[in-house]
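Novice: This is the structure I have questions about; it appears just below.
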Amino acid sequence: MLAVILAVVVFVGWRWWHNHPPYGPEALAIKSSLTFVSQEEAQAALGENAPASNGRDQLVLGRISWRTPPKPLDGGYFAIFLIDKRVNRKVGSFIASSPRQSASSPRQEAISVGNAGVENKIPERYPWLQGAGDVKEGNTWWSYGSRLAVFDGDASPLTFVARFPYLEGPQREAVRAATAPVAISDLLLALVYMGSDGQVYWAQRLQG
């Protein structure tokens with residue numbers, strides 16, 4: 001019986017340690033901003049790799065900066081979400097640059113765009129981030145839109161441009177990601193610290 005109790009105590013202690021964040025968001029002193037920009041302003045911020053606009057699309061320029069983390073990410077990453085709160089959908093794509101990954105010389109290990117199944121844990125813990133997970137339609141879960149993953153804690157300041165395409169009719173339904181028209185007040189910008197084993201350490205609302 002004593003061995004069983006000891007094993008339970010050890011497991012509970014390990015689980016607490018495993019899921020305990022190395023530091024909180026206050027250690028990073030995160031600053032951020034969101035603003036609409038023209039095609040020319042997007043190109044000035046990101047260079048020739050800035051997303052193209054058809055004239056009715058909307059481009060949102062985001063800037064996020066943070067202090068160097070007190071501990072390295074060690075296989076974890078910062079997940080950055082830009083979500084249209086009206087429909088709980090992520091933006092379709094980002095173009096981003098930072099001192100660690102410039103628009104002209106990208107480094108895949110510093111920043112990437114995409115999704116990860118482990119991020120479905122985020123809305124389970126933070127209901128206000130419901131749009132960070134997959135979308136259930138019938139008996140099937142679908143992944144729509146993208147997020148930025150930052151694997152280098154020194155990739156600050158980070159600049160990105162997100163495109164909200166203007167679509168009508170069947171096209172709008174087919175895309176399933178956030179679309180124009182949208183207001184800045186409709187947008188939620190959040191940074192989530194994910195551990196190397198898929199732990200959701202914490203989430204910080206930056207805008208919206």
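As shown in the structure tokens, the chain order sets the letters A, B, ...; within each chain, residues go from 1, and ligands are also counted from 1 in the order they appear.
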Residues of region 167-208 of chain A that approach region 19-43 of chain A to 7 Å or less, counting only C-alpha atoms: could you list each one with the shortest pair of atoms and its distance in Å to one decimal, rows by chain and increasing residue number, as CSV?
Specialist:
```
residue,atom,partner,partner_atom,distance
A:Gln199,CA,A:Asn19,CA,6.1
A:Tyr201,CA,A:Pro21,CA,5.1
A:Gln204,CA,A:Pro25,CA,6.8
A:Leu206,CA,A:Ser32,CA,6.4
```
Novice: Write out as a ChimeraX atom specification the set of residues from chain A that DSSP, computed on the backbone, places in helix (DSSP H, G or I).
Specialist: /A:2-19,25-27,39-49,117-125,127-132,170-175,184-186
Novice: Would you please work out which residue, of A:Gly47, A:Pro72, A:Gly114, A:Pro123, is nearest to Asp154 (chain A) when using only C-alpha atoms?
Specialist: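 For Asp154 (chain A), the nearest of the given residues is A:Pro72.
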Novice: Using Å and a single decimal, report how far CA of Ser93 (chain A) sits from CA of Val113 (chain A).
Specialist: 7.3 Å
Novice: Could you pull the residues within 7 Å of region 175-181 of chain A, counting only C-alpha atoms, minus those fewer than 4 positions along the same chain, as a list in words?
Specialist: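 Skipping anything fewer than 4 positions along the chain leaves Asp57, Gln58, Asp84, Arg89, Lys90, Val91, Gly92, Tyr144, Gly145, Phe164, Pro165, Tyr166 and Gln171 of chain A.
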Novice: Please, which residues of region 85-184 of chain A, numbered as in this document, come out strand (DSSP E) from DSSP, as a PDB file with N, CA and C atoms, in the first residue's frame?
Specialist:
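Output (part.pdb):
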```pdb
ATOM      1  N   ARG A  89     -13.213  32.286 -36.400  1.00  0.00           N
ATOM      2  CA  ARG A  89     -12.363  31.711 -37.446  1.00  0.00           C
ATOM      3  C   ARG A  89     -11.022  32.427 -37.486  1.00  0.00           C
ATOM      4  N   LYS A  90      -9.977  31.645 -37.697  1.00  0.00           N
ATOM      5  CA  LYS A  90      -8.639  32.204 -37.846  1.00  0.00           C
ATOM      6  C   LYS A  90      -8.469  32.836 -39.227  1.00  0.00           C
ATOM      7  N   PHE A  94      -0.701  34.292 -43.041  1.00  0.00           N
ATOM      8  CA  PHE A  94       0.138  35.391 -42.595  1.00  0.00           C
ATOM      9  C   PHE A  94       1.380  35.464 -43.475  1.00  0.00           C
ATOM     10  N   ILE A  95       1.944  36.639 -43.568  1.00  0.00           N
ATOM     11  CA  ILE A  95       3.324  36.804 -44.018  1.00  0.00           C
ATOM     12  C   ILE A  95       4.010  37.548 -42.879  1.00  0.00           C
ATOM     13  N   ALA A  96       5.117  37.020 -42.376  1.00  0.00           N
ATOM     14  CA  ALA A  96       5.738  37.593 -41.185  1.00  0.00           C
ATOM     15  C   ALA A  96       7.239  37.753 -41.369  1.00  0.00           C
ATOM     16  N   SER A  97       7.801  38.667 -40.603  1.00  0.00           N
ATOM     17  CA  SER A  97       9.248  38.847 -40.580  1.00  0.00           C
ATOM     18  C   SER A  97       9.661  39.270 -39.177  1.00  0.00           C
ATOM     19  N   ILE A 111      10.167  30.925 -37.498  1.00  0.00           N
ATOM     20  CA  ILE A 111       8.732  31.200 -37.610  1.00  0.00           C
ATOM     21  C   ILE A 111       8.134  30.288 -38.680  1.00  0.00           C
ATOM     22  N   SER A 112       6.939  29.800 -38.431  1.00  0.00           N
ATOM     23  CA  SER A 112       6.236  29.050 -39.465  1.00  0.00           C
ATOM     24  C   SER A 112       4.754  29.394 -39.407  1.00  0.00           C
ATOM     25  N   VAL A 113       4.050  29.102 -40.500  1.00  0.00           N
ATOM     26  CA  VAL A 113       2.611  29.338 -40.598  1.00  0.00           C
ATOM     27  C   VAL A 113       1.918  27.998 -40.783  1.00  0.00           C
ATOM     28  N   GLY A 114       0.841  27.755 -40.029  1.00  0.00           N
ATOM     29  CA  GLY A 114       0.124  26.507 -40.204  1.00  0.00           C
ATOM     30  C   GLY A 114      -0.776  26.195 -39.034  1.00  0.00           C
ATOM     31  N   VAL A 135     -12.779  23.118 -36.233  1.00  0.00           N
ATOM     32  CA  VAL A 135     -14.216  23.376 -36.301  1.00  0.00           C
ATOM     33  C   VAL A 135     -14.942  22.056 -36.553  1.00  0.00           C
ATOM     34  N   LYS A 136     -15.964  21.781 -35.737  1.00  0.00           N
ATOM     35  CA  LYS A 136     -16.728  20.539 -35.921  1.00  0.00           C
ATOM     36  C   LYS A 136     -17.908  20.793 -36.838  1.00  0.00           C
ATOM     37  N   GLU A 137     -17.995  19.992 -37.895  1.00  0.00           N
ATOM     38  CA  GLU A 137     -19.117  20.056 -38.827  1.00  0.00           C
ATOM     39  C   GLU A 137     -19.668  18.646 -38.967  1.00  0.00           C
ATOM     40  N   THR A 140     -17.373  15.457 -38.184  1.00  0.00           N
ATOM     41  CA  THR A 140     -16.000  15.639 -38.642  1.00  0.00           C
ATOM     42  C   THR A 140     -15.438  16.964 -38.135  1.00  0.00           C
ATOM     43  N   TRP A 141     -14.152  16.918 -37.777  1.00  0.00           N
ATOM     44  CA  TRP A 141     -13.457  18.134 -37.359  1.00  0.00           C
ATOM     45  C   TRP A 141     -12.585  18.630 -38.504  1.00  0.00           C
ATOM     46  N   TRP A 142     -12.651  19.938 -38.775  1.00  0.00           N
ATOM     47  CA  TRP A 142     -11.896  20.536 -39.871  1.00  0.00           C
ATOM     48  C   TRP A 142     -11.000  21.645 -39.338  1.00  0.00           C
ATOM     49  N   ARG A 147      -2.217  29.896 -37.998  1.00  0.00           N
ATOM     50  CA  ARG A 147      -1.612  30.694 -36.940  1.00  0.00           C
ATOM     51  C   ARG A 147      -0.111  30.801 -37.206  1.00  0.00           C
ATOM     52  N   LEU A 148       0.525  31.709 -36.512  1.00  0.00           N
ATOM     53  CA  LEU A 148       1.977  31.824 -36.569  1.00  0.00           C
ATOM     54  C   LEU A 148       2.576  31.043 -35.410  1.00  0.00           C
ATOM     55  N   ALA A 149       3.597  30.267 -35.668  1.00  0.00           N
ATOM     56  CA  ALA A 149       4.333  29.582 -34.617  1.00  0.00           C
ATOM     57  C   ALA A 149       5.743  30.163 -34.567  1.00  0.00           C
ATOM     58  N   VAL A 150       6.148  30.615 -33.399  1.00  0.00           N
ATOM     59  CA  VAL A 150       7.459  31.225 -33.209  1.00  0.00           C
ATOM     60  C   VAL A 150       8.301  30.279 -32.360  1.00  0.00           C
ATOM     61  N   LEU A 158       8.256  41.165 -33.892  1.00  0.00           N
ATOM     62  CA  LEU A 158       7.665  40.409 -34.991  1.00  0.00           C
ATOM     63  C   LEU A 158       6.673  41.306 -35.730  1.00  0.00           C
ATOM     64  N   THR A 159       6.782  41.324 -37.051  1.00  0.00           N
ATOM     65  CA  THR A 159       5.854  42.090 -37.887  1.00  0.00           C
ATOM     66  C   THR A 159       5.147  41.121 -38.833  1.00  0.00           C
ATOM     67  N   PHE A 160       3.841  41.257 -38.950  1.00  0.00           N
ATOM     68  CA  PHE A 160       3.121  40.383 -39.877  1.00  0.00           C
ATOM     69  C   PHE A 160       2.033  41.172 -40.593  1.00  0.00           C
ATOM     70  N   VAL A 161       1.654  40.668 -41.746  1.00  0.00           N
ATOM     71  CA  VAL A 161       0.496  41.184 -42.480  1.00  0.00           C
ATOM     72  C   VAL A 161      -0.421  40.009 -42.761  1.00  0.00           C
ATOM     73  N   ALA A 162      -1.673  40.160 -42.387  1.00  0.00           N
ATOM     74  CA  ALA A 162      -2.689  39.133 -42.630  1.00  0.00           C
ATOM     75  C   ALA A 162      -3.683  39.660 -43.656  1.00  0.00           C
ATOM     76  N   ARG A 163      -4.075  38.804 -44.583  1.00  0.00           N
ATOM     77  CA  ARG A 163      -5.024  39.205 -45.628  1.00  0.00           C
ATOM     78  C   ARG A 163      -6.404  38.627 -45.345  1.00  0.00           C
ATOM     79  N   PHE A 164      -7.404  39.495 -45.391  1.00  0.00           N
ATOM     80  CA  PHE A 164      -8.798  39.084 -45.287  1.00  0.00           C
ATOM     81  C   PHE A 164      -9.420  39.245 -46.669  1.00  0.00           C
TER      82      PHE A 164
END
```
Novice: Between A:Ala44, A:Val182, A:Ala155, A:Leu189, which one has atoms that come closest to Glu109 (chain A), using only C-alpha atoms?
Specialist: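 For Glu109 (chain A), the nearest of the candidates is A:Ala155.
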